[in-house]
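All remarks here apply to the structure that follows.
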Amino acid sequence: MNNKNTEGNKQQANFGAYLDGQEKGHKYTTSTLSPTLWMHQVFAEDTQDPTADQRYEATFMIELRSSYWDYYDGSKKDISPVTYYYCPEWLLADTVAWRAALPSRADAVIVYITEYRDNIGKLPSSYEEKLKDVYGVASFRKFDDVLNKDIFHTNASKRDVVLARVGETYLIAAEALIKLNRPADALPYINEVRARAGAILATAAQLDIDYLLRERARELAGENHRWGNLKRTGKLAEYGVRYNPELFAGDIKDHHHLRPIPKDAIELNPALEGDQNPGYY
C-alpha cells in the first residue's frame, strides 16, 4: 500500500450511520449499507441470554463517545463522555442503571434499537427513521482499523478483507449436515462457533436451516456472504421481504437469484458477446 490515507478497502466505513467525519473526532463513514433492525434483533434469538454472546458488542459500537476512537483507548474508555448509547431491545429495562454506572454516561442520548412502541413510554421514532439521521444508529466496529485511526478517506484501511475463516468453515459443515437431516451431527460445529463467542450453546432440537442462517448472520455480519447464503438456501425472497423494510412481496423476481454479468467481462470475452443473464438486458 502506497498511501494508507487513500488506499485499501472501505469495510470500516460501511454499515452504520453518518458520524460527521473526523472533524468531530469520529471515523469516516459512507452512511451506506446500514444494517436492518433485524440485524440487531437476531442476536437475541435462539438464546435465553443475549448478553452472553460477545459478538453483539464486537460487531456494533453501541456507546459513541465524544471521539469514536476513545472506545479503544484504555485511559479514556470509561472517562470520555458517552454522547450516544445505542440500547438493544434486551437491555431496555437497564438504561437507568447503565447511566448511573459511570459519570461519563450522565448526558448520553439513548437511542432505542427497537421498533416504535407507544406502550413502553417515550421512545424515539422507528429504527427505519433513525437510519436517516446523523448518529442515528450504531455503526459497525467489527472492521475498525484501530492502528490507523487517522486515515482520511472512506476507501482507506490497512486491514485485510477476510475471504474465508474457520468460523465459516464450521458453519458450512453444519449446513451440509442439517440438509442431510443430521442435526445431532451438525450440533458440535454450531457450538464450536457459539462457545468461542461465549453464547449459550444450541441444542439439536433447535437446528434447522433457519437457525443456521441466523447463526451465520450473527457470526458473519457484514462479511459479504448474505446474498449467496439466501440464494443457496432458497430463502432470498422470503427473508428479503420479511426483514428488509424497503422490500415488498413480489419485489424479488426470479432473475434476482443471479447477478448480472459485468459489461467489462462481456466485452473482454468474445464467447460472451451479446450475452447476459436473463432479466438484465
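Every chain in the C-alpha cells takes a letter, A first, then B, and so on in the order presented; its residues are numbered from 1, and the ligands are numbered from 1 following the presented order.
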* Neighbours of range 156-172 of chain A within 9 Å (only C-alpha atoms; same-chain residues fewer than 6 positions away dropped), as a ChimeraX atom specification? -> /A:1,3-13,143-145,147-149,186,188-190,192-193,212,215-216,219-220,223
Would you save the residues from that selection as a PDB file, in the first residue's frame, using N, CA and C atoms?
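As written to disk, part-v3.pdb reads:
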ATOM      1  N   MET A   1       0.842  -1.188   0.000  1.00  0.00           N
ATOM      2  CA  MET A   1       0.000   0.000   0.000  1.00  0.00           C
ATOM      3  C   MET A   1       0.878   1.239   0.000  1.00  0.00           C
ATOM      4  N   ASN A   3      -0.287   4.554  -0.001  1.00  0.00           N
ATOM      5  CA  ASN A   3      -0.831   5.654   0.785  1.00  0.00           C
ATOM      6  C   ASN A   3      -1.970   5.137   1.650  1.00  0.00           C
ATOM      7  N   LYS A   4      -1.740   5.060   2.948  1.00  0.00           N
ATOM      8  CA  LYS A   4      -2.747   4.490   3.844  1.00  0.00           C
ATOM      9  C   LYS A   4      -3.996   5.377   3.935  1.00  0.00           C
ATOM     10  N   ASN A   5      -3.866   6.651   3.548  1.00  0.00           N
ATOM     11  CA  ASN A   5      -4.995   7.559   3.648  1.00  0.00           C
ATOM     12  C   ASN A   5      -5.976   7.451   2.482  1.00  0.00           C
ATOM     13  N   THR A   6      -5.562   6.831   1.388  1.00  0.00           N
ATOM     14  CA  THR A   6      -6.435   6.786   0.216  1.00  0.00           C
ATOM     15  C   THR A   6      -6.588   5.392  -0.370  1.00  0.00           C
ATOM     16  N   GLU A   7      -5.803   4.423   0.100  1.00  0.00           N
ATOM     17  CA  GLU A   7      -5.842   3.091  -0.493  1.00  0.00           C
ATOM     18  C   GLU A   7      -6.285   2.051   0.531  1.00  0.00           C
ATOM     19  N   GLY A   8      -6.741   0.928   0.039  1.00  0.00           N
ATOM     20  CA  GLY A   8      -7.173  -0.152   0.910  1.00  0.00           C
ATOM     21  C   GLY A   8      -8.614  -0.515   0.628  1.00  0.00           C
ATOM     22  N   ASN A   9      -9.347  -0.886   1.670  1.00  0.00           N
ATOM     23  CA  ASN A   9     -10.760  -1.249   1.499  1.00  0.00           C
ATOM     24  C   ASN A   9     -11.626  -0.364   2.380  1.00  0.00           C
ATOM     25  N   LYS A  10     -12.920  -0.348   2.110  1.00  0.00           N
ATOM     26  CA  LYS A  10     -13.823   0.546   2.823  1.00  0.00           C
ATOM     27  C   LYS A  10     -14.711  -0.172   3.825  1.00  0.00           C
ATOM     28  N   GLN A  11     -14.328  -1.376   4.248  1.00  0.00           N
ATOM     29  CA  GLN A  11     -15.206  -2.112   5.158  1.00  0.00           C
ATOM     30  C   GLN A  11     -15.502  -1.345   6.437  1.00  0.00           C
ATOM     31  N   GLN A  12     -14.500  -0.663   6.995  1.00  0.00           N
ATOM     32  CA  GLN A  12     -14.751   0.009   8.262  1.00  0.00           C
ATOM     33  C   GLN A  12     -15.627   1.250   8.087  1.00  0.00           C
ATOM     34  N   ALA A  13     -15.802   1.711   6.849  1.00  0.00           N
ATOM     35  CA  ALA A  13     -16.614   2.898   6.597  1.00  0.00           C
ATOM     36  C   ALA A  13     -18.064   2.556   6.282  1.00  0.00           C
ATOM     37  N   PHE A 143     -14.893  -3.976  11.746  1.00  0.00           N
ATOM     38  CA  PHE A 143     -13.806  -3.858  10.783  1.00  0.00           C
ATOM     39  C   PHE A 143     -12.888  -2.664  11.072  1.00  0.00           C
ATOM     40  N   ASP A 144     -13.010  -2.059  12.252  1.00  0.00           N
ATOM     41  CA  ASP A 144     -12.238  -0.854  12.541  1.00  0.00           C
ATOM     42  C   ASP A 144     -10.736  -1.089  12.449  1.00  0.00           C
ATOM     43  N   ASP A 145     -10.066  -0.184  11.767  1.00  0.00           N
ATOM     44  CA  ASP A 145      -8.605  -0.199  11.643  1.00  0.00           C
ATOM     45  C   ASP A 145      -8.043   0.686  12.746  1.00  0.00           C
ATOM     46  N   LEU A 147      -5.336   0.733  14.478  1.00  0.00           N
ATOM     47  CA  LEU A 147      -3.934   1.165  14.425  1.00  0.00           C
ATOM     48  C   LEU A 147      -3.724   2.320  13.460  1.00  0.00           C
ATOM     49  N   ASN A 148      -4.720   2.580  12.613  1.00  0.00           N
ATOM     50  CA  ASN A 148      -4.596   3.656  11.626  1.00  0.00           C
ATOM     51  C   ASN A 148      -5.848   4.528  11.657  1.00  0.00           C
ATOM     52  N   LYS A 149      -6.184   4.985  12.848  1.00  0.00           N
ATOM     53  CA  LYS A 149      -7.430   5.727  13.026  1.00  0.00           C
ATOM     54  C   LYS A 149      -7.389   7.134  12.440  1.00  0.00           C
ATOM     55  N   ALA A 186     -24.583 -32.011  13.239  1.00  0.00           N
ATOM     56  CA  ALA A 186     -24.274 -30.603  12.971  1.00  0.00           C
ATOM     57  C   ALA A 186     -24.000 -29.831  14.254  1.00  0.00           C
ATOM     58  N   PRO A 188     -22.112 -30.117  17.051  1.00  0.00           N
ATOM     59  CA  PRO A 188     -20.766 -29.746  17.506  1.00  0.00           C
ATOM     60  C   PRO A 188     -20.149 -28.602  16.706  1.00  0.00           C
ATOM     61  N   TYR A 189     -20.458 -28.530  15.421  1.00  0.00           N
ATOM     62  CA  TYR A 189     -19.902 -27.455  14.592  1.00  0.00           C
ATOM     63  C   TYR A 189     -20.521 -26.105  14.970  1.00  0.00           C
ATOM     64  N   ILE A 190     -21.844 -26.094  15.162  1.00  0.00           N
ATOM     65  CA  ILE A 190     -22.517 -24.870  15.594  1.00  0.00           C
ATOM     66  C   ILE A 190     -21.990 -24.417  16.948  1.00  0.00           C
ATOM     67  N   GLU A 192     -19.187 -25.090  18.426  1.00  0.00           N
ATOM     68  CA  GLU A 192     -17.793 -24.636  18.404  1.00  0.00           C
ATOM     69  C   GLU A 192     -17.750 -23.121  18.180  1.00  0.00           C
ATOM     70  N   VAL A 193     -18.602 -22.648  17.283  1.00  0.00           N
ATOM     71  CA  VAL A 193     -18.674 -21.216  16.984  1.00  0.00           C
ATOM     72  C   VAL A 193     -19.290 -20.452  18.151  1.00  0.00           C
ATOM     73  N   LEU A 212     -29.599 -22.025  11.150  1.00  0.00           N
ATOM     74  CA  LEU A 212     -28.277 -21.916  10.533  1.00  0.00           C
ATOM     75  C   LEU A 212     -28.082 -20.530   9.927  1.00  0.00           C
ATOM     76  N   GLU A 215     -27.556 -18.010  12.648  1.00  0.00           N
ATOM     77  CA  GLU A 215     -26.213 -18.124  13.216  1.00  0.00           C
ATOM     78  C   GLU A 215     -25.169 -17.552  12.267  1.00  0.00           C
ATOM     79  N   ARG A 216     -25.355 -17.765  10.981  1.00  0.00           N
ATOM     80  CA  ARG A 216     -24.443 -17.161  10.013  1.00  0.00           C
ATOM     81  C   ARG A 216     -24.534 -15.629  10.071  1.00  0.00           C
ATOM     82  N   GLU A 219     -22.537 -14.540  13.163  1.00  0.00           N
ATOM     83  CA  GLU A 219     -21.100 -14.801  13.066  1.00  0.00           C
ATOM     84  C   GLU A 219     -20.441 -14.037  11.924  1.00  0.00           C
ATOM     85  N   LEU A 220     -21.148 -13.877  10.806  1.00  0.00           N
ATOM     86  CA  LEU A 220     -20.522 -13.360   9.592  1.00  0.00           C
ATOM     87  C   LEU A 220     -21.078 -12.000   9.183  1.00  0.00           C
ATOM     88  N   GLU A 223     -19.764  -9.501   6.268  1.00  0.00           N
ATOM     89  CA  GLU A 223     -18.640 -10.120   5.557  1.00  0.00           C
ATOM     90  C   GLU A 223     -19.002 -10.526   4.123  1.00  0.00           C
TER      91      GLU A 223
END
* To do: Tell me, as number ranges by chain, which residues lie within 6 Å of Arg65 in chain A, counting only C-alpha atoms; anything in the same chain fewer than 3 positions away does not count.
  => A: 68, 81-83
Create the file for the chosen residues now, containing N, CA and C atoms and written as an mmCIF file, in the first residue's frame.
data_model
loop_
_atom_site.group_PDB
_atom_site.id
_atom_site.type_symbol
_atom_site.label_atom_id
_atom_site.label_comp_id
_atom_site.auth_asym_id
_atom_site.auth_seq_id
_atom_site.Cartn_x
_atom_site.Cartn_y
_atom_site.Cartn_z
ATOM 1 N N TYR A 68 -14.979 8.902 18.616
ATOM 2 C CA TYR A 68 -15.257 7.496 18.331
ATOM 3 C C TYR A 68 -14.138 6.603 18.831
ATOM 4 N N PRO A 81 -16.722 11.255 27.641
ATOM 5 C CA PRO A 81 -18.189 11.342 27.694
ATOM 6 C C PRO A 81 -18.855 10.523 26.592
ATOM 7 N N VAL A 82 -19.848 9.737 26.978
ATOM 8 C CA VAL A 82 -20.651 8.999 26.010
ATOM 9 C C VAL A 82 -21.729 9.944 25.498
ATOM 10 N N THR A 83 -21.726 10.204 24.194
ATOM 11 C CA THR A 83 -22.714 11.114 23.627
ATOM 12 C C THR A 83 -23.974 10.379 23.186
#
* Asked: For Asp20 in chain A, which of A:Tyr135, A:Phe60, A:Phe248, A:Tyr239 is the closest residue, counting only C-alpha atoms?
  -> A:Tyr135
* Spatial neighbours of Gly198 in chain A, max dist 8 Å, only C-alpha atoms, sep filter under 3 positions, as a list in words -> Ala52, Asp53, Gln54, Arg194 and Ala195 of chain A
Output file for the residues above (all heavy atoms, as a CSV table (one decimal), in the first residue's frame):
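Output file result_6.csv follows:
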chain,number,residue,atom,x,y,z
A,52,ALA,N,-24.9,-12.8,26.9
A,52,ALA,CA,-23.7,-13.8,26.9
A,52,ALA,C,-23.0,-13.8,25.6
A,52,ALA,O,-21.8,-14.2,25.6
A,52,ALA,CB,-24.2,-15.2,27.3
A,53,ASP,N,-23.6,-13.5,24.5
A,53,ASP,CA,-23.0,-13.5,23.2
A,53,ASP,C,-22.1,-12.3,23.0
A,53,ASP,O,-22.6,-11.2,22.8
A,53,ASP,CB,-24.1,-13.6,22.1
A,53,ASP,CG,-23.5,-14.0,20.8
A,53,ASP,OD1,-22.4,-13.7,20.5
A,53,ASP,OD2,-24.3,-14.6,20.0
A,54,GLN,N,-20.8,-12.5,23.0
A,54,GLN,CA,-19.9,-11.4,22.9
A,54,GLN,C,-19.9,-10.8,21.5
A,54,GLN,O,-19.3,-9.7,21.3
A,54,GLN,CB,-18.5,-11.9,23.2
A,54,GLN,CG,-18.4,-12.4,24.6
A,54,GLN,CD,-17.1,-13.2,24.9
A,54,GLN,OE1,-16.2,-13.2,24.1
A,54,GLN,NE2,-17.0,-13.9,26.0
A,194,ARG,N,-20.4,-21.0,18.7
A,194,ARG,CA,-21.1,-20.3,19.8
A,194,ARG,C,-20.2,-20.3,21.1
A,194,ARG,O,-20.2,-19.3,21.8
A,194,ARG,CB,-22.4,-20.9,20.0
A,194,ARG,CG,-23.4,-20.7,18.9
A,194,ARG,CD,-24.8,-21.2,19.2
A,194,ARG,NE,-25.4,-20.5,20.3
A,194,ARG,CZ,-26.0,-19.3,20.2
A,194,ARG,NH1,-26.0,-18.7,19.1
A,194,ARG,NH2,-26.6,-18.7,21.3
A,195,ALA,N,-19.5,-21.3,21.3
A,195,ALA,CA,-18.7,-21.4,22.5
A,195,ALA,C,-17.6,-20.3,22.5
A,195,ALA,O,-17.3,-19.7,23.5
A,195,ALA,CB,-18.1,-22.8,22.7
I'd like the contact shell of Ile113 in chain A - 7 Å cut-off, only C-alpha atoms, skipping same-chain residues fewer than 4 positions apart - returned as a compact mmCIF listing (two decimals) with C-alpha atoms, in the first residue's frame.
# COMPACT_ATOMS: atom_id res chain seq x y z
CA TYR A 86 -27.49 2.60 21.22
CA CYS A 87 -29.50 0.37 23.50
CA PRO A 88 -30.53 -3.05 22.15
CA GLU A 89 -34.02 -4.21 22.95
CA TYR A 127 -35.48 2.34 13.70
* To do: Among the residues of range 180-216 of chain A, find those DSSP assigns to alpha helix (DSSP H) from the backbone and print them as a ChimeraX atom specification.
  => /A:183-196,209-216
Would you save the residues from that selection as a tab-separated table (two decimals), in the first residue's frame, using C-alpha atoms?
chain	number	residue	atom	x	y	z
A	183	PRO	CA	-28.89	-32.11	13.25
A	184	ALA	CA	-27.15	-34.06	16.03
A	185	ASP	CA	-24.04	-34.31	13.86
A	186	ALA	CA	-24.27	-30.60	12.97
A	187	LEU	CA	-24.50	-29.55	16.62
A	188	PRO	CA	-20.77	-29.75	17.51
A	189	TYR	CA	-19.90	-27.46	14.59
A	190	ILE	CA	-22.52	-24.87	15.59
A	191	ASN	CA	-21.48	-25.00	19.23
A	192	GLU	CA	-17.79	-24.64	18.40
A	193	VAL	CA	-18.67	-21.22	16.98
A	194	ARG	CA	-21.05	-20.27	19.78
A	195	ALA	CA	-18.68	-21.39	22.55
A	196	ARG	CA	-15.93	-19.18	21.18
A	209	ILE	CA	-31.90	-24.17	8.01
A	210	ASP	CA	-33.41	-21.02	9.54
A	211	TYR	CA	-31.37	-21.44	12.70
A	212	LEU	CA	-28.28	-21.92	10.53
A	213	LEU	CA	-29.00	-18.70	8.63
A	214	ARG	CA	-29.49	-16.77	11.87
A	215	GLU	CA	-26.21	-18.12	13.22
A	216	ARG	CA	-24.44	-17.16	10.01
* Return the single residue from A:Ala44, A:Ala93, A:Ile151, A:Leu37 that is closest to Thr114 in chain A, with distances computed using only C-alpha atoms. => A:Leu37
* To do: Pull the strand (DSSP E) assignments for range 50-85 of chain A out of DSSP run on the backbone, and list those residues as number ranges by chain.
  => A: 60-61, 63-65, 82-85
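For the set A:Gly250, A:Gly74, A:Pro260, A:Gly16, the residue with the smallest atom-to-atom gap to His40 in chain A is A:Gly16, counting only C-alpha atoms.
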* **Exercise: Ala221 in chain A partners within 9 Å, only C-alpha atoms, chain neighbours under 3 positions left out, as a list in words** => Met39, Thr59, Lys142, Arg216, Ala217, Arg218, Asn224, His225 and Arg226 of chain A
* Record the distance separating CA of Ser104 in chain A and CA of Ile62 in chain A, expressed in Å with one decimal. => 14.5 Å
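The protein and nucleic acid residues lying at most 10 Å from Ser67 in chain A are Gln22, Glu23, Lys24, Gly25, His26, Lys27, Tyr71, Lys76, Ser80, Pro81, Val82 and Thr83 of chain A, with only C-alpha atoms considered and sequence neighbours fewer than 4 positions away removed.
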Write to file, as a tab-separated table (two decimals), in the first residue's frame, the residues of the selection just made, with C-alpha atoms.
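result-v1.tsv was written with the following content:
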chain	number	residue	atom	x	y	z
A	22	GLN	CA	-13.05	13.21	11.55
A	23	GLU	CA	-13.65	16.90	12.27
A	24	LYS	CA	-15.76	15.62	15.18
A	25	GLY	CA	-13.23	13.00	16.26
A	26	HIS	CA	-15.05	10.14	14.58
A	27	LYS	CA	-14.12	7.71	11.86
A	71	TYR	CA	-13.51	3.38	22.98
A	76	LYS	CA	-10.16	7.16	28.05
A	80	SER	CA	-14.59	10.02	27.74
A	81	PRO	CA	-18.19	11.34	27.69
A	82	VAL	CA	-20.65	9.00	26.01
A	83	THR	CA	-22.71	11.11	23.63
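Nearest to Asp150 in chain A of all the residues A:Trp69, A:Leu102, A:Asp46, A:His255 is A:Trp69, counting only C-alpha atoms.
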* Of the candidates A:Ala106, A:Tyr28, A:Tyr18, A:Ala138, which shows the shortest atom-to-atom distance to Asn155 in chain A, using only C-alpha atoms? -> A:Tyr28
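The residue that comes closest to Arg105 in chain A, out of A:Arg259, A:Lys235, A:Arg141, A:Lys77 and on the basis of only C-alpha atoms, is A:Lys77.
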